[in-house]
Each structure stands twice: as C-alpha cells, then as structure tokens.
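A.B. asks: Input structure: model_1.csv, which contains CSV, C-alpha atoms.
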```csv
chain,number,residue,atom,x,y,z
A,138,MET,CA,242.0,-36.7,-56.6
A,139,THR,CA,242.5,-36.3,-52.8
A,140,ILE,CA,239.5,-34.8,-51.0
A,141,LYS,CA,240.4,-32.2,-48.4
A,142,GLY,CA,240.4,-33.7,-44.9
A,143,LYS,CA,240.7,-37.2,-46.2
A,144,PRO,CA,243.8,-38.9,-44.6
A,145,ALA,CA,246.5,-39.9,-47.1
A,146,LYS,CA,247.7,-43.5,-47.0
A,147,LEU,CA,251.2,-44.6,-48.0
A,148,GLN,CA,250.0,-47.9,-49.3
A,149,LYS,CA,246.8,-49.8,-49.8
A,150,SER,CA,246.3,-53.4,-48.8
A,151,TYR,CA,243.2,-53.8,-50.9
A,152,SER,CA,241.5,-52.0,-53.8
A,153,ALA,CA,237.7,-51.6,-54.3
A,154,PRO,CA,237.4,-49.1,-57.2
A,155,ALA,CA,233.6,-49.0,-57.3
A,156,LEU,CA,233.4,-48.3,-53.6
A,157,GLU,CA,236.2,-45.7,-53.8
A,158,LYS,CA,234.3,-43.9,-56.5
A,159,GLY,CA,231.1,-43.8,-54.5
A,160,LEU,CA,232.9,-42.5,-51.4
A,161,ASP,CA,234.7,-39.9,-53.5
A,162,ILE,CA,231.4,-38.5,-54.6
A,163,LEU,CA,230.0,-38.4,-51.1
A,164,GLU,CA,233.1,-36.7,-49.8
A,165,LEU,CA,233.2,-34.2,-52.6
A,166,LEU,CA,229.6,-33.1,-52.0
A,167,ALA,CA,230.3,-32.9,-48.2
A,168,GLU,CA,233.4,-30.8,-48.8
A,169,LYS,CA,231.7,-28.4,-51.3
A,170,ARG,CA,228.6,-28.1,-49.0
A,171,ALA,CA,226.5,-27.4,-52.1
A,172,PRO,CA,224.5,-29.4,-54.7
A,173,MET,CA,226.4,-30.4,-57.9
A,174,THR,CA,225.5,-31.7,-61.3
A,175,MET,CA,227.0,-34.9,-62.6
A,176,PRO,CA,229.2,-33.0,-65.1
A,177,GLN,CA,230.5,-30.9,-62.2
A,178,MET,CA,231.3,-34.0,-60.2
A,179,SER,CA,232.9,-35.6,-63.2
A,180,ALA,CA,235.2,-32.6,-63.7
A,181,ALA,CA,236.0,-32.2,-60.0
A,182,LEU,CA,236.9,-35.9,-59.5
A,183,ASP,CA,238.6,-36.2,-62.9
A,184,ARG,CA,236.4,-39.2,-63.8
A,185,SER,CA,234.4,-40.0,-66.9
A,186,LYS,CA,230.7,-39.1,-67.0
A,187,SER,CA,229.7,-42.7,-67.4
A,188,GLU,CA,231.6,-43.6,-64.2
A,189,ILE,CA,229.9,-40.8,-62.3
A,190,TYR,CA,226.5,-41.7,-63.7
A,191,ARG,CA,226.7,-45.3,-62.5
A,192,MET,CA,227.8,-44.4,-59.0
A,193,VAL,CA,225.3,-41.5,-58.6
A,194,ALA,CA,222.5,-43.7,-59.8
A,195,VAL,CA,223.2,-46.3,-57.1
A,196,LEU,CA,223.6,-43.7,-54.4
A,197,GLU,CA,220.4,-42.0,-55.4
A,198,ASP,CA,218.6,-45.4,-55.5
A,199,ARG,CA,219.9,-46.2,-52.0
A,200,GLY,CA,218.7,-42.9,-50.7
A,201,TYR,CA,222.1,-41.3,-50.0
A,202,LEU,CA,221.7,-38.7,-52.7
A,203,CYS,CA,218.7,-36.6,-53.7
A,204,ARG,CA,218.3,-35.0,-57.1
A,205,ASP,CA,216.6,-31.7,-57.9
A,206,GLU,CA,214.7,-32.4,-61.1
A,207,ALA,CA,214.7,-28.7,-62.1
A,208,THR,CA,218.5,-28.2,-61.9
A,209,GLU,CA,219.7,-31.8,-62.1
A,210,GLN,CA,221.9,-31.1,-59.1
A,211,PHE,CA,222.5,-33.7,-56.4
A,212,ARG,CA,222.9,-33.3,-52.7
A,213,ILE,CA,223.6,-35.6,-49.8
A,214,THR,CA,220.5,-36.6,-47.8
A,215,GLY,CA,220.3,-37.1,-44.1
A,216,GLN,CA,220.6,-40.9,-44.5
A,217,LEU,CA,224.3,-40.9,-43.7
A,218,PHE,CA,223.7,-38.9,-40.5
A,219,ASP,CA,220.8,-41.2,-39.5
A,220,LEU,CA,223.1,-44.2,-40.1
A,221,GLY,CA,225.8,-42.8,-37.9
A,222,MET,CA,223.4,-41.9,-35.1
A,223,SER,CA,221.9,-45.4,-35.1
A,224,VAL,CA,225.2,-47.0,-34.2
A,225,SER,CA,225.7,-47.9,-30.6
A,226,PRO,CA,227.0,-46.4,-28.3
A,227,ILE,CA,226.1,-43.1,-30.0
A,228,GLY,CA,222.4,-43.9,-30.4
A,229,THR,CA,222.3,-45.4,-26.9
A,230,LEU,CA,223.9,-42.5,-25.2
A,231,ILE,CA,221.6,-40.0,-27.0
A,232,GLU,CA,218.6,-42.0,-26.0
A,233,ASP,CA,219.7,-42.0,-22.4
A,234,ALA,CA,220.6,-38.3,-22.5
A,235,TYR,CA,217.2,-37.2,-23.8
A,236,PRO,CA,215.3,-37.5,-20.5
A,237,LEU,CA,218.0,-35.4,-18.8
A,238,MET,CA,217.9,-32.8,-21.6
A,239,HIS,CA,214.1,-32.8,-21.4
A,240,GLU,CA,214.3,-32.2,-17.6
A,241,LEU,CA,216.8,-29.4,-18.1
A,242,SER,CA,214.8,-27.7,-20.8
A,243,GLU,CA,211.7,-27.8,-18.6
A,244,GLN,CA,213.7,-26.3,-15.7
A,245,ILE,CA,215.3,-23.5,-17.6
A,246,ARG,CA,212.6,-22.9,-20.3
A,247,GLN,CA,215.3,-22.9,-23.0
A,248,SER,CA,216.2,-25.4,-25.7
A,249,SER,CA,219.2,-27.8,-25.1
A,250,HIS,CA,221.5,-29.5,-27.6
A,251,LEU,CA,224.1,-32.3,-27.6
A,252,VAL,CA,227.1,-31.4,-29.8
A,253,VAL,CA,230.1,-33.5,-31.0
A,254,ALA,CA,233.2,-32.8,-33.0
A,255,SER,CA,233.6,-34.0,-36.6
A,256,GLY,CA,236.9,-33.1,-38.1
A,257,ASP,CA,237.3,-29.3,-37.9
A,258,ARG,CA,233.6,-28.8,-37.3
A,259,ILE,CA,230.9,-29.4,-34.7
A,260,VAL,CA,227.6,-31.2,-35.4
A,261,VAL,CA,224.4,-31.1,-33.4
A,262,VAL,CA,223.4,-34.7,-32.7
A,263,ALA,CA,220.4,-34.1,-30.4
A,264,ARG,CA,218.0,-31.3,-29.5
A,265,VAL,CA,215.2,-30.7,-27.1
A,266,GLU,CA,212.9,-27.7,-27.7
A,267,SER,CA,212.0,-25.2,-25.1
A,268,SER,CA,208.4,-25.3,-23.9
A,269,ALA,CA,208.3,-21.5,-23.5
A,270,VAL,CA,206.3,-19.3,-25.8
A,271,PHE,CA,209.5,-17.8,-27.1
A,272,GLY,CA,212.7,-19.8,-27.8
A,273,PHE,CA,215.6,-20.5,-30.0
A,274,SER,CA,217.1,-23.8,-31.1
A,275,VAL,CA,219.5,-25.2,-33.6
A,276,LYS,CA,218.5,-28.1,-35.9
A,277,VAL,CA,219.9,-31.5,-35.5
A,278,GLY,CA,222.6,-32.2,-38.1
A,279,ARG,CA,223.8,-28.6,-38.3
A,280,TYR,CA,227.5,-28.2,-38.9
A,281,ALA,CA,229.6,-25.2,-37.8
A,282,GLY,CA,233.3,-24.4,-37.3
A,283,LEU,CA,235.1,-25.6,-34.2
A,284,PHE,CA,236.9,-22.3,-33.9
A,285,GLU,CA,233.8,-20.1,-34.4
A,286,THR,CA,231.4,-21.6,-31.8
A,287,THR,CA,231.3,-21.9,-28.1
A,288,SER,CA,230.7,-25.7,-28.3
A,289,GLY,CA,233.7,-26.0,-30.7
A,290,LYS,CA,236.0,-24.1,-28.3
A,291,VAL,CA,234.9,-26.3,-25.4
A,292,LEU,CA,235.5,-29.4,-27.4
A,293,LEU,CA,238.9,-28.1,-28.4
A,294,SER,CA,239.8,-27.3,-24.8
A,295,TRP,CA,239.4,-30.9,-23.7
A,296,MET,CA,240.6,-32.6,-27.0
A,297,PRO,CA,243.8,-34.8,-27.0
A,298,GLU,CA,246.8,-32.4,-27.2
A,299,ALA,CA,248.2,-33.8,-30.4
A,300,GLU,CA,244.9,-33.6,-32.2
A,301,ARG,CA,244.2,-30.1,-30.9
A,302,ALA,CA,247.6,-28.9,-32.0
A,303,THR,CA,247.2,-30.2,-35.5
A,304,LEU,CA,243.8,-28.5,-35.9
A,305,ILE,CA,245.1,-25.2,-34.5
A,306,ARG,CA,248.1,-25.2,-36.9
A,307,THR,CA,245.9,-26.0,-39.9
A,308,HIS,CA,243.4,-23.3,-38.9
A,309,ALA,CA,246.2,-20.7,-38.4
A,310,ARG,CA,247.6,-21.5,-41.8
A,311,LEU,CA,244.2,-20.9,-43.5
A,312,SER,CA,243.0,-18.0,-41.4
A,313,THR,CA,244.4,-14.4,-41.6
A,314,GLY,CA,245.1,-12.8,-38.3
A,315,PHE,CA,244.6,-15.9,-36.2
A,316,GLY,CA,246.9,-15.9,-33.2
A,317,ILE,CA,247.9,-19.3,-31.9
A,318,ARG,CA,249.1,-18.2,-28.5
A,319,GLU,CA,246.1,-16.0,-27.8
A,320,PHE,CA,243.7,-18.8,-28.8
A,321,GLU,CA,245.5,-21.4,-26.7
A,322,SER,CA,245.3,-18.9,-23.7
A,323,GLN,CA,241.5,-18.8,-24.3
A,324,LEU,CA,241.3,-22.6,-24.2
A,325,GLU,CA,243.3,-22.7,-21.0
A,326,ALA,CA,240.9,-20.3,-19.4
A,327,ILE,CA,238.0,-22.4,-20.5
A,328,ARG,CA,239.5,-25.5,-19.0
A,329,GLU,CA,240.1,-23.7,-15.7
A,330,ARG,CA,236.5,-22.4,-15.6
A,331,GLY,CA,235.0,-25.6,-16.7
A,332,TRP,CA,232.6,-24.1,-19.3
A,333,LEU,CA,232.2,-21.3,-21.8
A,334,GLN,CA,229.5,-18.6,-21.9
A,335,GLN,CA,229.5,-15.9,-24.6
A,336,GLU,CA,227.3,-14.0,-27.0
A,337,SER,CA,226.4,-15.9,-30.1
A,338,ALA,CA,228.5,-15.0,-33.1
A,339,ASP,CA,225.5,-15.7,-35.4
A,340,VAL,CA,222.4,-14.5,-33.6
A,341,PRO,CA,222.1,-11.2,-31.7
A,342,GLY,CA,220.5,-11.5,-28.3
A,343,ILE,CA,221.5,-15.1,-27.8
A,344,THR,CA,224.0,-16.2,-25.2
A,345,ASP,CA,225.5,-19.6,-25.8
A,346,ILE,CA,226.3,-21.7,-22.7
A,347,SER,CA,228.5,-24.8,-23.5
A,348,VAL,CA,229.6,-27.4,-21.0
A,349,PRO,CA,231.8,-30.4,-21.7
A,350,VAL,CA,230.6,-34.0,-21.5
A,351,PHE,CA,233.2,-36.5,-20.4
A,352,MET,CA,233.4,-40.3,-20.6
A,353,GLY,CA,233.0,-41.0,-16.9
A,354,GLY,CA,236.0,-39.5,-15.1
A,355,GLY,CA,238.1,-39.0,-18.3
A,356,GLU,CA,239.8,-35.8,-19.3
A,357,GLN,CA,238.7,-35.8,-23.0
A,358,ALA,CA,235.4,-34.1,-23.9
A,359,ILE,CA,233.5,-36.5,-26.1
A,360,ALA,CA,230.5,-34.2,-26.4
A,361,CYS,CA,229.2,-30.8,-25.3
A,362,LEU,CA,225.9,-29.8,-23.8
A,363,MET,CA,224.9,-26.4,-25.3
A,364,VAL,CA,222.0,-24.1,-24.4
A,365,PRO,CA,221.4,-20.9,-26.5
A,366,PHE,CA,219.9,-18.7,-23.8
A,367,LEU,CA,217.3,-16.2,-24.9
A,368,ALA,CA,216.2,-13.6,-22.4
A,369,SER,CA,212.6,-12.3,-22.7
A,370,SER,CA,209.9,-10.8,-20.5
A,371,ARG,CA,208.8,-14.3,-19.7
A,372,THR,CA,212.2,-15.6,-18.6
A,373,THR,CA,212.0,-17.0,-15.1
A,374,VAL,CA,215.4,-18.6,-14.7
A,375,SER,CA,218.4,-16.2,-14.8
A,376,LEU,CA,221.4,-16.7,-17.0
A,377,ASP,CA,223.6,-17.7,-14.0
A,378,GLN,CA,221.1,-20.1,-12.7
A,379,THR,CA,220.7,-21.6,-16.2
A,380,ARG,CA,224.4,-22.1,-16.4
A,381,GLU,CA,224.5,-23.9,-13.1
A,382,LEU,CA,221.7,-26.3,-14.2
A,383,VAL,CA,223.5,-26.9,-17.5
A,384,VAL,CA,226.7,-27.9,-15.6
A,385,GLU,CA,224.7,-30.3,-13.4
A,386,ALA,CA,223.0,-31.9,-16.5
A,387,ALA,CA,226.3,-32.3,-18.3
A,388,THR,CA,227.8,-34.0,-15.3
A,389,GLU,CA,224.9,-36.5,-15.2
A,390,ILE,CA,225.3,-37.1,-19.0
A,391,SER,CA,229.0,-37.7,-18.4
A,392,SER,CA,228.1,-40.6,-16.0
A,393,LEU,CA,226.0,-42.1,-18.8
A,394,ALA,CA,228.8,-41.7,-21.3
A,395,GLY,CA,231.1,-43.7,-18.9
A,396,ARG,CA,228.5,-46.5,-18.8
A,397,HIS,CA,228.4,-46.6,-22.7
A,398,HIS,CA,232.1,-46.1,-23.2
A,399,GLY,CA,231.7,-42.7,-24.9
A,400,LEU,CA,230.3,-41.6,-28.2
```
Mind turning the file's structure into structure tokens?

C.D. replies:
Amino acid sequence: MTIKGKPAKLQKSYSAPALEKGLDILELLAEKRAPMTMPQMSAALDRSKSEIYRMVAVLEDRGYLCRDEATEQFRITGQLFDLGMSVSPIGTLIEDAYPLMHELSEQIRQSSHLVVASGDRIVVVARVESSAVFGFSVKVGRYAGLFETTSGKVLLSWMPEAERATLIRTHARLSTGFGIREFESQLEAIRERGWLQQESADVPGITDISVPVFMGGGEQAIACLMVPFLASSRTTVSLDQTRELVVEAATEISSLAGRHHGL
C-alpha cells in the first residue's frame, strides 16, 4: 500500500521490511489523523495481524504510539515531533528566536507563534503566550492546511515555484470551486505587500498577522511569524502598530536563520 503523500520510488537500493512496516503504521495514523485499532491498521495496510502486532508493540514500547486501554485504539504521541524539534538547526533557531518572540509578545500583549510548512500543511513549532489578562494562542504541534491559513498562504507565497505549482495543482484537483489564477493573484499580492493580515477563518474576533521568515537574504520563506490579534478593552497596541512590530521581529529572526542555515 502507498500512503498518500509518500513519494513513490522507481527502484529500491536496499530493503528493510521491518522498518518499512513500522513507518507504514506511523504514516497511516498520521494520514488518518485519528486513533485506530490493530485490526483496522491490519486491513488498511493489507498486512497480517501478527505483523501489525509486533510492530505496534515495539512502537508503543519506544513511546511513539499510545494505546487507549478502553478502546484498544492507538495514536501517535508527540515523541516524533519532539525528535524533529531537537535536531539542529531547527532546535537552535527556535531557541534563539524565543527571546525575540518573548520581547514581541511583551510589546504587543499578544501571543506569537513560529510556523513552518510540512507537506500540504503548516505546523506550529514554537509559541510564546501573551502576558495580558485576555489572549488567544495556538498550541505547539497544531497542524492546519496551507491553503486555509494566513501562515500557509504566506509560506506558499515565498515557496520555490516548482514546489508551489505542484501543491496548487494537487489542491485544485481535490477542491471544488478552487480557482488557480485567482489564488496565484492572491499570493502575488502577498509577496508585493510582504505580509498577510486577515480575519481568522476558525475563530471569530481574531485577526491573524503572518510575516515570512527568510534564511538571511534569501527569497524562500523557511518559516512564518504569526500573531493572532485579539482586540479587547485592555488592548494598548493597535492592530497596525502590532503588524509593524511583527515585521520587525520577523526580520530579526531571519538574520538568525541565516546564521543557522535555515530550519
């Protein structure tokens, strides 16, 4: 079975059946985005229950899967995410970006987030909470669609042309009423402006501000600094002022990304 999003290969130089089975399980659960029982995994992967049992037992023992004893369903834990975030230069850049994000959040009294692209989705890799009484934030590890979020559109705007074109064609094929030309015009406008600010598609009352983070002076956005702006009676920094400060912080983080050779 070929998992959606998994690149096909014309030929294999080496074979590691046990490893492939374990990766198939992880990729299946990631694609389904829902817990599954071993019989369900066995049927989906067209493998015997004994094969699945051995692989799941090892993955659970190593902490990559977690079982719900009441339903006997398994889900992926945060260990894979933690593993990826610990790899330099990702971990190093995030560590260096945190002081700037803390300073930004203190200035604007809003939460701030660092977001990267992962396939056709975005994932939040760092977050700093607002110190205000009222605030809104998105948890680290949260996935969402590239095409449905401000951060996703910003990342698409500064993505390598060939990669962006492939993602757009795939999305158009799977989405009814999606206009390629109209969407590409939106991305061009974002590039000219240098940022994207729009009402949140998920949470009423929130205005998302997303600004690209580059690797030094490069033209490819390797990450995105995002602030979900929440206006309240205690808000002291306006939306426009907040955006200007987010742009300044993203520029500083870009200089750090150049030092660490990107994410």

A.B. asks: Applying 8 Å and all atoms listed in the file, which residues near range 237-252 of chain A remain after dropping the ones on its own chain fewer than 3 positions away? List them as number ranges by chain.

C.D. replies: A: 233-234, 259-269, 272-275, 288, 360-367, 372-374, 379, 382-383, 386, 389-390

A.B. asks: One decimal, Å: what's the distance from CA of Ala358 in chain A over to CA of Val291 in chain A, could you say?

C.D. replies: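 Those two atoms sit 8.0 Å apart.
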
A.B. asks: For range 255-258 of chain A, please output as a VMD selection string all residues within 12 Å (counting only C-alpha atoms; exclusion window: fewer than 6 positions along the same chain).

C.D. replies: chain A and resid 141 to 144 168 218 221 278 to 290 292 to 293 296 300 to 308 359 to 360 400

A.B. asks: Within 6 Å of (224.3, -18.4, -21.2), in the coordinates the file gives, what residues turn up when you count all atoms listed in the file, written out as a PyMOL selection string?

C.D. replies: chain A and resi 334+344-346+366+376

A.B. asks: Using only C-alpha atoms, which residues sit within 12 Å of Gly331 in chain A once same-chain residues fewer than 5 positions away are excluded, as a ChimeraX atom specification?

C.D. replies: /A:290-292,294-295,324-326,346-351,356,358,361,380-381,383-385,387-388

A.B. asks: I need the residues from that last selection saved to file as a PDB file, in the coordinates of the input (with C-alpha atoms), if you can.

C.D. replies:
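Written out: again.pdb:
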```
ATOM      1  CA  LYS A 290     236.000 -24.100 -28.300  1.00  0.00           C
ATOM      2  CA  VAL A 291     234.900 -26.300 -25.400  1.00  0.00           C
ATOM      3  CA  LEU A 292     235.500 -29.400 -27.400  1.00  0.00           C
ATOM      4  CA  SER A 294     239.800 -27.300 -24.800  1.00  0.00           C
ATOM      5  CA  TRP A 295     239.400 -30.900 -23.700  1.00  0.00           C
ATOM      6  CA  LEU A 324     241.300 -22.600 -24.200  1.00  0.00           C
ATOM      7  CA  GLU A 325     243.300 -22.700 -21.000  1.00  0.00           C
ATOM      8  CA  ALA A 326     240.900 -20.300 -19.400  1.00  0.00           C
ATOM      9  CA  ILE A 346     226.300 -21.700 -22.700  1.00  0.00           C
ATOM     10  CA  SER A 347     228.500 -24.800 -23.500  1.00  0.00           C
ATOM     11  CA  VAL A 348     229.600 -27.400 -21.000  1.00  0.00           C
ATOM     12  CA  PRO A 349     231.800 -30.400 -21.700  1.00  0.00           C
ATOM     13  CA  VAL A 350     230.600 -34.000 -21.500  1.00  0.00           C
ATOM     14  CA  PHE A 351     233.200 -36.500 -20.400  1.00  0.00           C
ATOM     15  CA  GLU A 356     239.800 -35.800 -19.300  1.00  0.00           C
ATOM     16  CA  ALA A 358     235.400 -34.100 -23.900  1.00  0.00           C
ATOM     17  CA  CYS A 361     229.200 -30.800 -25.300  1.00  0.00           C
ATOM     18  CA  ARG A 380     224.400 -22.100 -16.400  1.00  0.00           C
ATOM     19  CA  GLU A 381     224.500 -23.900 -13.100  1.00  0.00           C
ATOM     20  CA  VAL A 383     223.500 -26.900 -17.500  1.00  0.00           C
ATOM     21  CA  VAL A 384     226.700 -27.900 -15.600  1.00  0.00           C
ATOM     22  CA  GLU A 385     224.700 -30.300 -13.400  1.00  0.00           C
ATOM     23  CA  ALA A 387     226.300 -32.300 -18.300  1.00  0.00           C
ATOM     24  CA  THR A 388     227.800 -34.000 -15.300  1.00  0.00           C
TER      25      THR A 388
END
```

A.B. asks: Which residue is closest to Val277 in chain A? Choose from A:Ala167, A:Thr208, A:Val253, A:Pro172 and count all atoms listed in the file.

C.D. replies: A:Val253

A.B. asks: In Å to one decimal, how far is CA of Met173 in chain A from CA of Arg310 in chain A?

C.D. replies: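 Atom-to-atom, CA of Arg310 in chain A and CA of Met173 in chain A are spaced 28.1 Å apart.
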
A.B. asks: List as a PyMOL selection string: which residues have an atom within 10 Å of (225.9, -38.8, -56.6), counting all atoms listed in the file?

C.D. replies: chain A and resi 158-163+165-166+172-175+178+189-198+201-204+210-213

A.B. asks: In Å to one decimal, how far is CA of Ala153 in chain A from CA of Gln216 in chain A?

C.D. replies: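 It comes out at 22.4 Å.
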